[in-house]
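Raw contents of protein-v1.cif, mmCIF, C-alpha atoms:
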data_upload
loop_
_atom_site.label_atom_id
_atom_site.label_comp_id
_atom_site.auth_asym_id
_atom_site.auth_seq_id
_atom_site.Cartn_x
_atom_site.Cartn_y
_atom_site.Cartn_z
CA MET A 269 164.88 24.46 172.29
CA ASP A 270 162.58 25.27 169.41
CA ILE A 271 160.34 27.35 171.71
CA PHE A 272 163.38 29.27 172.97
CA LEU A 273 164.46 30.10 169.42
CA ILE A 274 160.96 31.23 168.53
CA VAL A 275 160.84 33.54 171.58
CA VAL A 276 164.27 34.98 170.73
CA PHE A 277 163.14 35.51 167.14
CA PHE A 278 160.04 37.47 168.19
CA ILE A 279 162.06 39.56 170.66
CA MET A 280 164.60 40.46 167.97
CA PHE A 281 161.77 41.23 165.57
CA ALA A 282 160.03 43.54 168.07
CA VAL A 283 163.10 45.49 169.27
CA PRO A 284 163.19 47.96 166.31
CA PHE A 285 159.54 48.85 166.91
CA LEU A 286 159.89 49.27 170.68
CA PRO A 287 160.51 53.08 170.72
CA ALA A 288 157.48 53.68 168.51
CA ILE A 289 155.30 51.46 170.69
CA ILE A 290 156.44 53.31 173.83
CA GLU A 291 155.72 56.68 172.17
CA ILE A 292 152.21 55.56 171.20
CA LEU A 293 151.46 54.30 174.71
CA PHE A 294 152.98 57.15 176.75
CA LYS A 295 153.04 60.06 174.23
CA LYS A 296 156.12 61.77 175.60
CA ASP A 297 156.31 64.11 172.57
CA ALA A 298 152.62 64.91 172.18
CA GLN A 299 153.00 68.71 172.38
CA ALA A 300 153.52 70.81 169.25
CA LEU A 301 156.93 72.30 168.52
CA ASN A 302 157.43 75.82 169.86
CA ILE A 303 157.67 77.88 166.65
CA ASN A 304 157.91 81.64 167.06
CA MET A 305 155.31 82.91 164.58
CA SER A 306 156.19 86.53 165.38
CA LEU A 307 159.21 86.13 163.08
CA TYR A 308 156.85 86.03 160.08
CA LYS A 309 157.03 89.30 158.12
CA ASN A 310 154.04 91.05 156.63
CA PRO A 311 154.46 91.18 152.82
CA ARG A 312 153.88 94.95 153.08
CA TYR A 313 156.81 95.24 155.47
CA PHE A 314 159.40 96.66 153.07
CA GLY A 315 157.14 99.20 151.38
CA ASP A 316 155.42 100.36 154.55
CA SER A 317 158.74 100.69 156.38
CA PHE A 318 160.22 102.76 153.56
CA PHE A 319 157.14 105.01 153.46
CA GLU A 320 157.31 105.61 157.21
CA ILE A 321 161.05 106.35 157.15
CA ILE A 322 160.88 108.78 154.23
CA HIS A 323 157.75 110.45 155.62
CA LYS A 324 159.25 110.93 159.07
CA GLY A 325 162.58 112.10 157.68
CA LEU A 326 161.02 114.85 155.60
CA GLN A 327 158.60 115.77 158.36
CA ASP A 328 161.44 116.21 160.84
CA ALA A 329 163.49 118.18 158.32
CA GLU A 330 160.75 120.54 157.12
CA GLY A 331 158.13 120.45 159.86
CA THR A 332 155.27 119.31 157.62
CA ASP A 333 153.52 116.01 157.02
CA LYS A 334 152.45 117.02 153.49
CA ILE A 335 155.47 115.70 151.65
CA LEU A 336 154.34 116.53 148.12
CA SER A 337 153.46 120.11 148.99
CA LEU A 338 157.09 120.92 149.72
CA SER A 339 158.40 123.61 147.41
CA LYS A 340 162.09 122.76 147.21
CA LYS A 341 163.38 120.06 144.90
CA LYS A 342 166.17 118.75 147.11
CA TYR A 343 166.15 117.97 150.82
CA ARG A 344 168.88 116.74 153.10
CA VAL A 345 167.21 114.49 155.64
CA LYS A 346 168.30 111.90 158.17
CA LEU A 347 166.79 108.59 157.13
CA SER A 348 169.06 106.18 158.98
CA SER A 349 172.43 106.72 160.59
CA SER A 350 173.51 109.54 158.30
CA PRO A 351 171.79 112.33 156.32
CA GLU A 352 170.86 111.68 152.69
CA GLU A 353 169.71 113.88 149.85
CA VAL A 354 166.14 113.29 148.70
CA PHE A 355 164.88 114.76 145.42
CA ILE A 356 161.20 115.57 144.77
CA LEU A 357 160.74 115.74 140.99
CA ASP A 358 158.12 115.37 138.28
CA SER A 359 158.23 112.78 135.50
CA ASP A 360 160.08 114.96 132.97
CA GLU A 361 162.69 115.98 135.53
CA ILE A 362 163.33 112.34 136.42
CA ASN A 363 163.84 111.40 132.77
CA ASN A 364 166.31 114.27 132.43
CA LEU A 365 168.44 113.00 135.32
CA PRO A 366 171.84 111.42 134.55
CA ASP A 367 171.64 107.84 133.31
CA LYS A 368 172.93 106.68 136.71
CA PHE A 369 171.46 108.45 139.72
CA ASP A 370 172.58 107.81 143.30
CA ASN A 371 169.92 109.55 145.41
CA ILE A 372 166.43 108.74 146.65
CA VAL A 373 163.77 110.12 144.30
CA ILE A 374 160.15 111.04 145.03
CA CYS A 375 157.96 111.50 141.96
CA SER A 376 155.12 113.92 142.64
CA GLU A 377 152.90 112.53 139.84
CA ASN A 378 152.52 109.63 137.40
CA LEU A 379 155.94 108.49 136.24
CA THR A 380 156.75 107.28 132.73
CA ILE A 381 160.37 106.18 132.35
CA ASN A 382 161.19 106.75 128.69
CA ARG A 383 164.97 106.75 128.92
CA LYS A 384 167.33 104.01 130.04
CA LYS A 385 168.05 104.61 133.74
CA PHE A 386 169.97 103.15 136.65
CA PHE A 387 168.68 104.16 140.10
CA SER A 388 170.97 102.95 142.87
CA LYS A 389 168.59 104.19 145.59
CA GLU A 390 164.87 103.87 146.27
CA ILE A 391 162.06 105.59 144.34
CA PHE A 392 158.66 106.71 145.63
CA VAL A 393 155.96 107.30 142.98
CA ASN A 394 152.86 109.19 144.06
CA GLY A 395 150.82 107.89 141.15
CA ASN A 396 151.18 105.27 138.41
CA LEU A 397 154.35 103.90 136.84
CA LYS A 398 155.00 102.96 133.22
CA THR A 399 158.38 101.78 131.95
CA GLU A 400 158.97 102.39 128.25
CA GLU A 401 162.73 101.90 128.42
CA GLU A 402 164.97 99.43 130.20
CA CYS A 403 165.81 100.42 133.77
CA PHE A 404 167.48 99.20 136.94
CA ILE A 405 165.96 100.22 140.28
CA ARG A 406 167.11 99.36 143.78
CA ALA A 407 163.56 99.37 145.21
CA ILE A 408 160.33 101.20 144.37
CA TYR A 409 157.08 102.18 146.11
CA ILE A 410 154.17 102.94 143.76
CA ASN A 411 151.03 104.58 145.10
CA GLY A 412 148.98 103.63 142.01
CA PHE A 413 149.34 100.84 139.45
CA ALA A 414 152.36 99.80 137.40
CA ASN A 415 152.68 98.82 133.76
CA LEU A 416 156.12 97.33 133.12
CA ALA A 417 156.21 97.58 129.34
CA ASN A 418 159.97 97.26 128.96
CA ARG A 419 162.72 95.26 130.64
CA ILE A 420 163.18 96.11 134.31
CA ASN A 421 165.52 94.85 137.01
CA ILE A 422 164.59 95.51 140.63
CA LEU A 423 167.25 94.59 143.14
CA ARG A 424 165.31 94.48 146.41
CA TRP A 425 161.56 95.05 146.57
CA LEU A 426 158.54 96.33 144.65
CA HIS A 427 155.45 97.70 146.43
CA ILE A 428 152.29 98.60 144.48
CA ASN A 429 149.01 99.86 145.91
CA ASN A 430 146.96 98.84 142.85
CA ASN A 431 147.34 96.43 139.90
CA LEU A 432 150.65 95.26 138.45
CA TYR A 433 151.02 94.53 134.72
CA ILE A 434 154.26 92.86 133.64
CA ASN A 435 154.55 92.91 129.84
CA ALA A 436 158.29 92.48 129.41
CA ASP A 437 161.18 90.49 130.80
CA ALA A 438 161.48 91.48 134.42
CA ASN A 439 163.24 90.76 137.67
CA VAL A 440 160.94 92.04 140.40
CA GLY A 441 163.32 91.50 143.28
CA VAL A 442 163.22 89.61 146.54
CA ASN A 443 159.75 90.77 147.58
CA CYS A 444 156.98 91.92 145.23
CA TYR A 445 153.78 93.14 146.91
CA CYS A 446 150.69 94.07 144.91
CA GLU A 447 147.54 95.32 146.65
CA GLU A 448 145.22 94.08 143.89
CA THR A 449 145.82 91.82 140.83
CA THR A 450 149.19 90.92 139.32
CA PHE A 451 149.33 89.99 135.64
CA VAL A 452 152.56 88.07 135.00
CA ASN A 453 154.02 86.83 131.73
CA ALA A 454 156.29 83.80 131.41
CA LYS A 455 159.59 85.67 131.66
CA VAL A 456 159.56 87.07 135.16
CA ASN A 457 162.12 86.28 137.85
CA PHE A 458 161.06 86.65 141.46
CA LYS A 459 161.52 85.16 144.90
CA LYS A 460 158.16 86.12 146.43
CA ILE A 461 155.06 87.69 144.89
CA TYR A 462 152.04 88.61 147.00
CA ALA A 463 148.70 89.72 145.52
CA LYS A 464 144.98 89.17 145.95
CA LYS A 465 145.04 87.45 142.56
CA ILE A 466 147.90 86.40 140.27
CA LEU A 467 147.16 85.73 136.60
CA ILE A 468 149.91 84.11 134.54
CA HIS A 469 149.58 84.48 130.79
CA LYS A 470 151.67 83.35 127.85
CA GLN A 471 154.04 85.73 126.10
CA ASP A 472 151.89 85.88 122.96
CA GLU A 473 148.78 86.54 125.05
CA SER A 474 150.23 89.39 127.10
CA ILE A 475 148.18 92.50 127.69
CA ASP A 476 148.57 95.54 125.51
CA LYS A 477 152.08 96.95 125.86
CA LYS A 478 150.77 100.34 124.73
CA LYS A 479 148.39 100.59 127.66
CA SER A 480 148.25 104.16 128.93
CA TYR A 481 147.19 105.57 132.26
#

Just give me the structure as structure tokens.
Amino acid sequence: MDIFLIVVFFIMFAVPFLPAIIEILFKKDAQALNINMSLYKNPRYFGDSFFEIIHKGLQDAEGTDKILSLSKKKYRVKLSSSPEEVFILDSDEINNLPDKFDNIVICSENLTINRKKFFSKEIFVNGNLKTEEECFIRAIYINGFANLANRINILRWLHINNNLYINADANVGVNCYCEETTFVNAKVNFKKIYAKKILIHKQDESIDKKKSY
């Protein structure tokens, strides 16, 4: 009787471990899970896609691939399902726009934002960006570097082909891509930041807010 109880005890003790023992012996689930890696998005995806769309739209509308050599200031181009107006302006002209502007803007040079602005559409800067006043931007592509010296709120994405300096409270959107080094202070909201190097510094050790181009 005692032997029977001992056998029953060991059987009951071993039952919970039986599936694991079978898996070790027969390895029914030895293969890796089938994860579709093609769903991964390149961090340059948003900026590169915008550049291609705006480039193709203006090329189709004007028959040239030299966007910044176009003479007119306003173009009506088909960027998606419906035509949109695109403005090619210099830095002064952009600062003289209404406080709220609802069209895509291409800056033909370095851009310094020295007036409070609200851009509900995308901006393309063919040079460097410096923000001296608070601004709200839907999304922005910068062909040079950016010095965010005043509060900025970016709704969607930020694409920079050089260094990024953040010297003021900032929300850099859902996707922030920097080709080189990103200098970030302690008061920056973001979901994703990509850069070759990211340096986080304290507020009182931030880089010179008066940095010029």

Determine the residue membership of the PyMOL selection byres ((chain A and resi 388-395) around 8) for the file above and supply it as a list in words.
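Checking the PyMOL selection byres ((chain A and resi 388-395) around 8) against this file, the residues are Lys368, Phe369, Asp370, Asn371, Ile372, Val373, Ile374, Cys375, Ser376, Glu377, Asn378, Leu379, Phe386, Phe387, Asn396, Leu397, Phe404, Ile405, Arg406, Ala407, Ile408, Tyr409, Ile410, Asn411, Gly412 and Phe413 of chain A.
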
In Å, with one decimal, what is the gap from atom CA of A:Ile356 to atom CA of A:Asp316?
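So the answer is 19.0 Å.
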
Distance atom CA of A:Asn439-atom CA of A:Leu426, one decimal place?
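Atom-to-atom, atom CA of A:Asn439 and atom CA of A:Leu426 are spaced 10.1 Å apart.
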
To one decimal place, how far is atom CA of A:Ser359 from atom CA of A:Phe451 in Å?
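Those two atoms sit 24.5 Å apart.
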
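Between A:Ala438 and the candidates A:Val456, A:Arg424, A:Asp358, A:Cys403, the tightest atom-to-atom separation, counting only C-alpha atoms, involves A:Val456.
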
Env of A:Trp425: 7 Å cut, atoms = only C-alpha atoms, seq-sep filter 5 positions within chain, self excluded. Answer as a PyMOL selection string.
chain A and resi 407-408+440-444

Sphere at (155.4, 96.8, 132.1), radius 6 Å, counting only C-alpha atoms: residues as a ChimeraX atom specification
/A:399,415-418,433-436

Picked residues, the PyMOL selection byres ((chain A and resi 311) around 12), expected as a list in words:
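Applying the expression gives Tyr308, Lys309, Asn310, Arg312, Tyr313, Phe314, Gly315, Asp316, Ser317, Trp425, Leu426, His427, Ile428, Val442, Asn443, Cys444, Tyr445, Cys446, Glu447, Lys460, Ile461, Tyr462, Ala463 and Lys464 of chain A.
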
Missing atoms in stretch 365-400 of chain A: can you complete it with N, CA and C atoms, as a compact mmCIF listing (two decimals), in the frame of the given file?
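File produced: rebuild_0.txt:
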# COMPACT_ATOMS: atom_id res chain seq x y z
N LEU A 365 167.33 113.26 134.40
CA LEU A 365 168.44 113.00 135.32
C LEU A 365 169.56 112.25 134.59
N PRO A 366 170.76 112.24 135.15
CA PRO A 366 171.84 111.42 134.55
C PRO A 366 171.41 109.96 134.44
N ASP A 367 172.02 109.23 133.52
CA ASP A 367 171.64 107.84 133.31
C ASP A 367 171.78 107.01 134.58
N LYS A 368 172.77 107.33 135.41
CA LYS A 368 172.93 106.68 136.71
C LYS A 368 172.73 107.73 137.79
N PHE A 369 171.79 107.47 138.69
CA PHE A 369 171.46 108.45 139.72
C PHE A 369 171.54 107.79 141.09
N ASP A 370 172.24 108.44 142.02
CA ASP A 370 172.58 107.81 143.30
C ASP A 370 171.88 108.44 144.50
N ASN A 371 170.68 108.97 144.30
CA ASN A 371 169.92 109.55 145.41
C ASN A 371 168.49 109.03 145.40
N ILE A 372 167.84 109.11 146.55
CA ILE A 372 166.43 108.74 146.65
C ILE A 372 165.60 109.75 145.88
N VAL A 373 164.62 109.26 145.12
CA VAL A 373 163.77 110.12 144.30
C VAL A 373 162.31 109.93 144.69
N ILE A 374 161.60 111.05 144.84
CA ILE A 374 160.15 111.04 145.03
C ILE A 374 159.53 111.68 143.80
N CYS A 375 158.67 110.94 143.12
CA CYS A 375 157.96 111.50 141.96
C CYS A 375 156.61 112.02 142.42
N SER A 376 156.32 113.27 142.13
CA SER A 376 155.12 113.92 142.64
C SER A 376 153.88 113.62 141.79
N GLU A 377 154.02 112.79 140.75
CA GLU A 377 152.90 112.53 139.84
C GLU A 377 153.09 111.15 139.21
N ASN A 378 152.28 110.85 138.17
CA ASN A 378 152.52 109.63 137.40
C ASN A 378 153.92 109.68 136.79
N LEU A 379 154.58 108.54 136.77
CA LEU A 379 155.94 108.49 136.24
C LEU A 379 156.00 107.55 135.04
N THR A 380 156.46 108.09 133.91
CA THR A 380 156.75 107.28 132.73
C THR A 380 158.25 107.35 132.48
N ILE A 381 158.92 106.22 132.59
CA ILE A 381 160.37 106.18 132.35
C ILE A 381 160.59 105.89 130.87
N ASN A 382 161.01 106.90 130.13
CA ASN A 382 161.19 106.75 128.69
C ASN A 382 162.64 106.85 128.25
N ARG A 383 163.55 106.79 129.22
CA ARG A 383 164.97 106.75 128.92
C ARG A 383 165.63 105.69 129.80
N LYS A 384 166.65 105.06 129.28
CA LYS A 384 167.33 104.01 130.04
C LYS A 384 167.95 104.61 131.29
N LYS A 385 167.62 104.03 132.46
CA LYS A 385 168.05 104.61 133.74
C LYS A 385 168.57 103.54 134.69
N PHE A 386 169.44 103.99 135.58
CA PHE A 386 169.97 103.15 136.65
C PHE A 386 169.82 103.94 137.95
N PHE A 387 168.91 103.50 138.82
CA PHE A 387 168.68 104.16 140.10
C PHE A 387 169.26 103.28 141.20
N SER A 388 170.32 103.75 141.83
CA SER A 388 170.97 102.95 142.87
C SER A 388 170.31 103.10 144.23
N LYS A 389 169.34 104.01 144.34
CA LYS A 389 168.59 104.19 145.59
C LYS A 389 167.10 104.00 145.32
N GLU A 390 166.30 104.14 146.37
CA GLU A 390 164.87 103.87 146.27
C GLU A 390 164.13 105.00 145.53
N ILE A 391 162.95 104.63 145.01
CA ILE A 391 162.06 105.59 144.34
C ILE A 391 160.67 105.49 144.97
N PHE A 392 160.05 106.65 145.19
CA PHE A 392 158.66 106.71 145.63
C PHE A 392 157.85 107.40 144.53
N VAL A 393 156.80 106.74 144.04
CA VAL A 393 155.96 107.30 142.98
C VAL A 393 154.57 107.56 143.54
N ASN A 394 154.18 108.84 143.56
CA ASN A 394 152.86 109.19 144.06
C ASN A 394 151.85 109.17 142.92
N GLY A 395 151.70 108.03 142.30
CA GLY A 395 150.82 107.89 141.15
C GLY A 395 151.11 106.55 140.49
N ASN A 396 150.96 106.51 139.17
CA ASN A 396 151.18 105.27 138.41
C ASN A 396 152.57 105.26 137.80
N LEU A 397 153.04 104.06 137.48
CA LEU A 397 154.35 103.90 136.84
C LEU A 397 154.19 103.17 135.51
N LYS A 398 154.90 103.67 134.50
CA LYS A 398 155.00 102.96 133.22
C LYS A 398 156.45 103.00 132.77
N THR A 399 156.99 101.84 132.42
CA THR A 399 158.38 101.78 131.95
C THR A 399 158.38 101.54 130.44
N GLU A 400 158.88 102.51 129.70
CA GLU A 400 158.97 102.39 128.25
C GLU A 400 160.39 102.09 127.79
